[in-house]
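Written out below as structure tokens is the structure these notes cover.
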Amino acid sequence: MSTTPPFQSGTVFIVDDDQSFLRSVCRLLRAVGCTVETFASGQEFLARLTPELSGCVVCDLQMPELDGIELQAALNQTDNPLPIVFLTGQGDIPTTVRAMQSGAEDFLTKLAPKEKLLAAVQRALERNVRERRQRARQQELRVQFNELSERELEVLGHVVQGKMNKQIADDLNINLRTVKLHRTNITRKLKIQSVAELTRLTDEAGLFQQPKKMVS
């Protein structure tokens, strides 16, 4: 009996300048039911990328012009940051750490057992499905929050920090009655009364998040 996992929907985009290895990985993934597209360079893949594409990337680390780490950085700046599985003939610990900190699903050598590669691709495809749902949900929520004025968003930011009306008024140097009016408008427009629910939805929408610190 086959132990191959049931692969999630989506396309596996293989990026490698080694044509023989590219064909080998392509055959392996197609043999287990994956939809596959192949690219000889990172630039070629990025030219193909659109917001609608769903799947994951299996990428070589060392390639001319645009290496794997640079491709990952470029992909992370797009509206469709597909999960990446790195496959490399030569890796080192600092590069592995950098790739994983930047969101790589896995970092494997080209000599890794095929079962490890298939498992990593499966995880990456599953992650892509989750993250696409999360982005769609965020977009849906941001449409709701866009109904709020700039001042109402400012007040909301203080509300979800658990501040009382008087604290908010003092912080924003506005009248207490104005704070209450803004809070009334917020609950009316969002149709939410509970501060806990407001906090949950702002977190889900990615509002008021502090930028992540880069690890050196």
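Lettering and numbering for the structure tokens are positional, with chains as A, B, ... in the shown order, residues counted from 1 in each chain, and ligands counted from 1 in the shown order.
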Handout entry: Spatial neighbours of Pro51 in chain A, max dist 12 Å, only C-alpha atoms, sep filter under 3 positions, as an MDAnalysis selection string
Key = chainID A and resid 46:48 54:55 75 78:82 132 135:136
Export, as an mmCIF file, in the first residue's frame, the selected residues with N, CA and C atoms.
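Below is the file out34.cif, written as the result:
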```
data_model
loop_
_atom_site.group_PDB
_atom_site.id
_atom_site.type_symbol
_atom_site.label_atom_id
_atom_site.label_comp_id
_atom_site.auth_asym_id
_atom_site.auth_seq_id
_atom_site.Cartn_x
_atom_site.Cartn_y
_atom_site.Cartn_z
ATOM 1 N N LEU A 46 9.056 34.809 -10.677
ATOM 2 C CA LEU A 46 8.407 36.036 -10.229
ATOM 3 C C LEU A 46 7.579 36.674 -11.349
ATOM 4 N N ALA A 47 8.031 36.525 -12.577
ATOM 5 C CA ALA A 47 7.268 37.047 -13.712
ATOM 6 C C ALA A 47 5.958 36.289 -13.884
ATOM 7 N N ARG A 48 5.916 35.056 -13.430
ATOM 8 C CA ARG A 48 4.707 34.217 -13.522
ATOM 9 C C ARG A 48 3.749 34.469 -12.353
ATOM 10 N N SER A 54 -2.025 29.653 -6.334
ATOM 11 C CA SER A 54 -2.103 28.960 -5.055
ATOM 12 C C SER A 54 -1.162 27.767 -5.084
ATOM 13 N N GLY A 55 -0.402 27.590 -4.016
ATOM 14 C CA GLY A 55 0.507 26.461 -3.953
ATOM 15 C C GLY A 55 1.707 26.757 -3.086
ATOM 16 N N LEU A 75 9.633 37.452 -2.759
ATOM 17 C CA LEU A 75 8.310 36.830 -2.654
ATOM 18 C C LEU A 75 7.571 37.344 -1.426
ATOM 19 N N THR A 78 5.507 40.505 -1.830
ATOM 20 C CA THR A 78 4.354 40.510 -2.719
ATOM 21 C C THR A 78 3.067 40.281 -1.936
ATOM 22 N N ASP A 79 1.931 40.392 -2.643
ATOM 23 C CA ASP A 79 0.638 40.120 -2.024
ATOM 24 C C ASP A 79 0.350 38.627 -1.936
ATOM 25 N N ASN A 80 1.258 37.811 -2.455
ATOM 26 C CA ASN A 80 1.044 36.368 -2.456
ATOM 27 C C ASN A 80 2.327 35.645 -2.042
ATOM 28 N N PRO A 81 2.700 35.753 -0.759
ATOM 29 C CA PRO A 81 3.952 35.151 -0.295
ATOM 30 C C PRO A 81 3.819 33.640 -0.106
ATOM 31 N N LEU A 82 3.923 32.903 -1.201
ATOM 32 C CA LEU A 82 3.772 31.450 -1.140
ATOM 33 C C LEU A 82 4.832 30.826 -0.231
ATOM 34 N N ARG A 132 -4.000 31.654 2.873
ATOM 35 C CA ARG A 132 -4.897 32.306 1.915
ATOM 36 C C ARG A 132 -6.240 32.620 2.573
ATOM 37 N N ARG A 135 -5.672 35.619 4.858
ATOM 38 C CA ARG A 135 -5.566 36.876 4.115
ATOM 39 C C ARG A 135 -6.934 37.325 3.607
ATOM 40 N N ALA A 136 -7.750 36.358 3.157
ATOM 41 C CA ALA A 136 -9.094 36.708 2.696
ATOM 42 C C ALA A 136 -9.931 37.244 3.847
#
```
Exercise for the section: Show which residues sit within 8 Å of range 113-128 of chain A, as a list in words. Count only C-alpha atoms, and ignore same-chain residues fewer than 4 positions away. Expected result: Pro5, Phe7, Gln8, Ser9, Gly10, Val12, Leu29, Ser54, Gly55, Cys56, Val58, Leu82, Pro83, Ile84, Val85, Glu105, Asp106, Leu108 and Arg132 of chain A
Using N, CA and C atoms, can you write the selected residues to a file as a tab-separated table (two decimals), in the first residue's frame?
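That gives us part_20.tsv:
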```tsv
chain	number	residue	atom	x	y	z
A	5	PRO	N	0.94	10.85	1.25
A	5	PRO	CA	-0.18	11.59	1.82
A	5	PRO	C	-1.06	12.19	0.74
A	7	PHE	N	-2.27	14.96	-1.15
A	7	PHE	CA	-1.76	16.31	-1.27
A	7	PHE	C	-2.89	17.33	-1.39
A	8	GLN	N	-2.68	18.47	-0.71
A	8	GLN	CA	-3.61	19.58	-0.81
A	8	GLN	C	-3.62	20.13	-2.23
A	9	SER	N	-4.70	20.81	-2.56
A	9	SER	CA	-4.78	21.44	-3.88
A	9	SER	C	-3.77	22.58	-3.97
A	10	GLY	N	-3.39	22.90	-5.17
A	10	GLY	CA	-2.41	23.95	-5.40
A	10	GLY	C	-1.29	23.43	-6.27
A	12	VAL	N	2.81	23.13	-7.22
A	12	VAL	CA	4.18	23.20	-6.71
A	12	VAL	C	5.03	23.84	-7.79
A	29	LEU	N	7.22	14.62	-7.95
A	29	LEU	CA	6.01	15.27	-7.44
A	29	LEU	C	4.79	14.94	-8.31
A	54	SER	N	-2.03	29.65	-6.33
A	54	SER	CA	-2.10	28.96	-5.05
A	54	SER	C	-1.16	27.77	-5.08
A	55	GLY	N	-0.40	27.59	-4.02
A	55	GLY	CA	0.51	26.46	-3.95
A	55	GLY	C	1.71	26.76	-3.09
A	56	CYS	N	2.86	26.24	-3.49
A	56	CYS	CA	4.10	26.48	-2.74
A	56	CYS	C	5.26	26.47	-3.71
A	58	VAL	N	9.25	25.17	-4.37
A	58	VAL	CA	10.42	24.35	-4.03
A	58	VAL	C	11.59	24.98	-4.77
A	82	LEU	N	3.92	32.90	-1.20
A	82	LEU	CA	3.77	31.45	-1.14
A	82	LEU	C	4.83	30.83	-0.23
A	83	PRO	N	4.47	29.79	0.51
A	83	PRO	CA	5.47	29.10	1.35
A	83	PRO	C	6.58	28.50	0.49
A	84	ILE	N	7.80	28.52	1.04
A	84	ILE	CA	8.97	28.01	0.32
A	84	ILE	C	9.58	26.81	1.05
A	85	VAL	N	9.92	25.80	0.27
A	85	VAL	CA	10.76	24.69	0.75
A	85	VAL	C	12.09	24.81	0.01
A	105	GLU	N	9.32	26.98	4.95
A	105	GLU	CA	8.65	25.83	5.56
A	105	GLU	C	9.67	24.77	5.97
A	106	ASP	N	10.70	24.59	5.15
A	106	ASP	CA	11.75	23.62	5.48
A	106	ASP	C	13.00	23.95	4.67
A	108	LEU	N	16.09	21.68	3.17
A	108	LEU	CA	16.58	20.32	2.97
A	108	LEU	C	17.76	20.31	2.00
A	132	ARG	N	-4.00	31.65	2.87
A	132	ARG	CA	-4.90	32.31	1.91
A	132	ARG	C	-6.24	32.62	2.57
```
Exercise for the section: Give the strand (DSSP E) residues of range 1-174 of chain A, as DSSP finds them on the backbone, and put them as a PyMOL selection string. Expected result: chain A and resi 11-15+35-39+55-60+84-88+106-109
Those in range 27-178 of chain A with helix (DSSP H, G or I) from DSSP, as a compact mmCIF listing (two decimals) with C-alpha atoms, in the first residue's frame:
```txt
# COMPACT_ATOMS: atom_id res chain seq x y z
CA ARG A 27 8.76 13.62 -11.99
CA LEU A 28 8.70 12.74 -8.30
CA LEU A 29 6.01 15.27 -7.44
CA ARG A 30 3.86 14.51 -10.47
CA ALA A 31 4.06 10.80 -9.64
CA GLY A 42 13.86 33.18 -9.76
CA GLN A 43 13.14 36.02 -12.17
CA GLU A 44 11.21 33.65 -14.43
CA PHE A 45 9.08 32.51 -11.51
CA LEU A 46 8.41 36.04 -10.23
CA ALA A 47 7.27 37.05 -13.71
CA ARG A 48 4.71 34.22 -13.52
CA GLY A 68 17.08 31.43 -3.21
CA ILE A 69 17.29 33.80 -0.24
CA GLU A 70 16.84 36.81 -2.52
CA LEU A 71 13.87 35.11 -4.19
CA GLN A 72 12.34 34.47 -0.77
CA ALA A 73 12.80 38.12 0.20
CA ALA A 74 11.20 39.29 -3.06
CA LEU A 75 8.31 36.83 -2.65
CA ASN A 76 7.67 38.00 0.91
CA ILE A 93 23.75 26.93 9.49
CA PRO A 94 23.58 30.77 9.20
CA THR A 95 21.80 30.53 5.83
CA THR A 96 19.41 27.88 7.16
CA VAL A 97 18.59 30.02 10.19
CA ARG A 98 18.05 33.09 8.01
CA ALA A 99 15.74 31.19 5.66
CA MET A 100 13.67 29.72 8.50
CA GLN A 101 13.41 33.08 10.29
CA LYS A 114 12.20 11.76 -0.93
CA GLU A 115 9.81 11.14 1.96
CA LYS A 116 11.15 14.24 3.71
CA LEU A 117 10.66 16.33 0.59
CA LEU A 118 7.12 15.05 0.06
CA ALA A 119 6.25 15.72 3.71
CA ALA A 120 7.65 19.26 3.48
CA VAL A 121 5.70 19.96 0.29
CA GLN A 122 2.53 18.64 1.90
CA ARG A 123 3.00 20.93 4.91
CA ALA A 124 3.72 23.89 2.63
CA LEU A 125 0.56 23.27 0.58
CA GLU A 126 -1.54 22.95 3.74
CA ARG A 127 0.01 26.15 5.08
CA ASN A 128 -0.79 27.95 1.83
CA VAL A 129 -4.47 27.03 2.18
CA ARG A 130 -4.53 28.34 5.78
CA GLU A 131 -2.71 31.55 4.95
CA ARG A 132 -4.90 32.31 1.91
CA ARG A 133 -7.97 31.94 4.11
CA GLN A 134 -6.40 34.20 6.72
CA ARG A 135 -5.57 36.88 4.12
CA ALA A 136 -9.09 36.71 2.70
CA ARG A 137 -10.53 37.07 6.20
CA GLN A 138 -8.20 39.99 6.93
CA GLN A 139 -9.29 41.73 3.74
CA GLU A 140 -12.93 41.20 4.65
CA LEU A 141 -12.39 42.69 8.11
CA ARG A 142 -10.35 45.61 6.80
CA VAL A 143 -13.29 46.57 4.58
CA GLN A 144 -15.38 46.81 7.75
CA PHE A 145 -12.75 48.83 9.60
CA GLU A 150 -9.24 58.26 11.23
CA ARG A 151 -10.14 59.55 14.71
CA GLU A 152 -12.44 56.59 15.37
CA LEU A 153 -9.61 54.21 14.47
CA GLU A 154 -7.35 56.13 16.84
CA VAL A 155 -9.90 55.79 19.65
CA LEU A 156 -10.37 52.10 18.81
CA GLY A 157 -6.63 51.55 19.18
CA HIS A 158 -6.84 52.82 22.75
CA VAL A 159 -10.05 50.89 23.49
CA ASN A 165 -12.77 56.71 28.41
CA LYS A 166 -11.06 59.28 30.64
CA GLN A 167 -7.62 57.83 29.86
CA ILE A 168 -8.38 57.95 26.15
CA ALA A 169 -9.57 61.55 26.41
CA ASP A 170 -6.39 62.54 28.25
CA ASP A 171 -4.12 60.65 25.83
CA LEU A 172 -5.75 62.17 22.75
CA LEU A 176 -14.66 62.94 27.35
CA ARG A 177 -18.00 63.33 25.61
CA THR A 178 -16.22 63.17 22.24
```
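Using only C-alpha atoms, the protein and nucleic acid residues lying no more than 12 Å from Ser194 in chain A, apart from those fewer than 3 places from it along its own chain, are A:Val159, A:Val160, A:Gly162, A:Arg183, A:Thr184, A:Ile186, A:Thr187, A:Arg188, A:Leu190, A:Lys191, A:Glu197, A:Leu198, A:Thr199, A:Arg200, A:Leu201.
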Those residues with C-alpha atoms, as a PDB file, in the first residue's frame please?
```pdb
ATOM      1  CA  VAL A 159     -10.048  50.886  23.494  1.00  0.00           C
ATOM      2  CA  VAL A 160      -8.474  47.541  22.602  1.00  0.00           C
ATOM      3  CA  GLY A 162      -8.145  48.279  27.727  1.00  0.00           C
ATOM      4  CA  ARG A 183     -17.098  54.737  20.830  1.00  0.00           C
ATOM      5  CA  THR A 184     -20.808  54.817  20.022  1.00  0.00           C
ATOM      6  CA  ILE A 186     -17.484  52.446  16.433  1.00  0.00           C
ATOM      7  CA  THR A 187     -19.946  49.967  17.932  1.00  0.00           C
ATOM      8  CA  ARG A 188     -22.697  51.108  15.561  1.00  0.00           C
ATOM      9  CA  LEU A 190     -18.962  47.519  13.365  1.00  0.00           C
ATOM     10  CA  LYS A 191     -22.120  46.151  15.029  1.00  0.00           C
ATOM     11  CA  GLU A 197     -14.784  40.950  20.495  1.00  0.00           C
ATOM     12  CA  LEU A 198     -13.370  44.226  19.161  1.00  0.00           C
ATOM     13  CA  THR A 199      -9.924  43.176  20.366  1.00  0.00           C
ATOM     14  CA  ARG A 200     -10.233  39.757  18.742  1.00  0.00           C
ATOM     15  CA  LEU A 201     -11.307  41.228  15.401  1.00  0.00           C
TER      16      LEU A 201
END
```
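Of the listed residues A:Phe13, A:Gly89, A:Gln193, A:Glu52, the one whose atoms come nearest to Cys34 in chain A is A:Phe13, with distances taken using only C-alpha atoms.
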Completion exercise
As a check of understanding: the span from CA of Leu66 in chain A to CA of Gly33 in chain A is 29.4 Å
Problem - Of the listed residues A:Gln161, A:Asp18, A:Thr11, A:Ala40, that which approaches Val57 in chain A most closely, counting only C-alpha atoms - result: A:Thr11
Exercise for the section: Excluding Asp16 in chain A and any residue of its chain fewer than 2 positions from it, enumerate the residues within 7 Å of it, using only C-alpha atoms, and give them as a VMD selection string. Expected result: chain A and resid 14 18 22 39 to 41 59 to 60
Keeping only N, CA, C and O atoms, write the selected residues to a file as a PDB file, in the first residue's frame.
```pdb
ATOM      1  N   ILE A  14       8.572  24.723  -8.948  1.00  0.00           N
ATOM      2  CA  ILE A  14       9.958  24.319  -8.701  1.00  0.00           C
ATOM      3  C   ILE A  14      10.886  25.290  -9.417  1.00  0.00           C
ATOM      4  O   ILE A  14      10.751  25.521 -10.618  1.00  0.00           O
ATOM      5  N   ASP A  18      19.475  23.898 -12.268  1.00  0.00           N
ATOM      6  CA  ASP A  18      19.999  22.584 -12.635  1.00  0.00           C
ATOM      7  C   ASP A  18      18.878  21.804 -13.331  1.00  0.00           C
ATOM      8  O   ASP A  18      17.971  21.284 -12.683  1.00  0.00           O
ATOM      9  N   LEU A  22      15.873  19.561 -11.803  1.00  0.00           N
ATOM     10  CA  LEU A  22      14.538  20.117 -11.993  1.00  0.00           C
ATOM     11  C   LEU A  22      13.593  19.038 -12.534  1.00  0.00           C
ATOM     12  O   LEU A  22      12.480  18.856 -12.028  1.00  0.00           O
ATOM     13  N   PHE A  39      10.682  26.272 -13.313  1.00  0.00           N
ATOM     14  CA  PHE A  39      11.307  27.535 -13.720  1.00  0.00           C
ATOM     15  C   PHE A  39      12.809  27.412 -13.551  1.00  0.00           C
ATOM     16  O   PHE A  39      13.289  26.868 -12.559  1.00  0.00           O
ATOM     17  N   ALA A  40      13.549  27.951 -14.507  1.00  0.00           N
ATOM     18  CA  ALA A  40      15.002  27.865 -14.474  1.00  0.00           C
ATOM     19  C   ALA A  40      15.648  28.994 -13.680  1.00  0.00           C
ATOM     20  O   ALA A  40      16.846  28.973 -13.433  1.00  0.00           O
ATOM     21  N   SER A  41      14.852  29.990 -13.275  1.00  0.00           N
ATOM     22  CA  SER A  41      15.406  31.115 -12.509  1.00  0.00           C
ATOM     23  C   SER A  41      14.331  31.742 -11.639  1.00  0.00           C
ATOM     24  O   SER A  41      13.129  31.588 -11.897  1.00  0.00           O
ATOM     25  N   CYS A  59      12.553  25.471  -4.008  1.00  0.00           N
ATOM     26  CA  CYS A  59      13.553  26.371  -4.594  1.00  0.00           C
ATOM     27  C   CYS A  59      14.975  25.958  -4.240  1.00  0.00           C
ATOM     28  O   CYS A  59      15.267  25.592  -3.097  1.00  0.00           O
ATOM     29  N   ASP A  60      15.853  26.040  -5.237  1.00  0.00           N
ATOM     30  CA  ASP A  60      17.281  25.855  -5.003  1.00  0.00           C
ATOM     31  C   ASP A  60      17.799  27.075  -4.241  1.00  0.00           C
ATOM     32  O   ASP A  60      17.215  28.164  -4.311  1.00  0.00           O
TER      33      ASP A  60
END
```
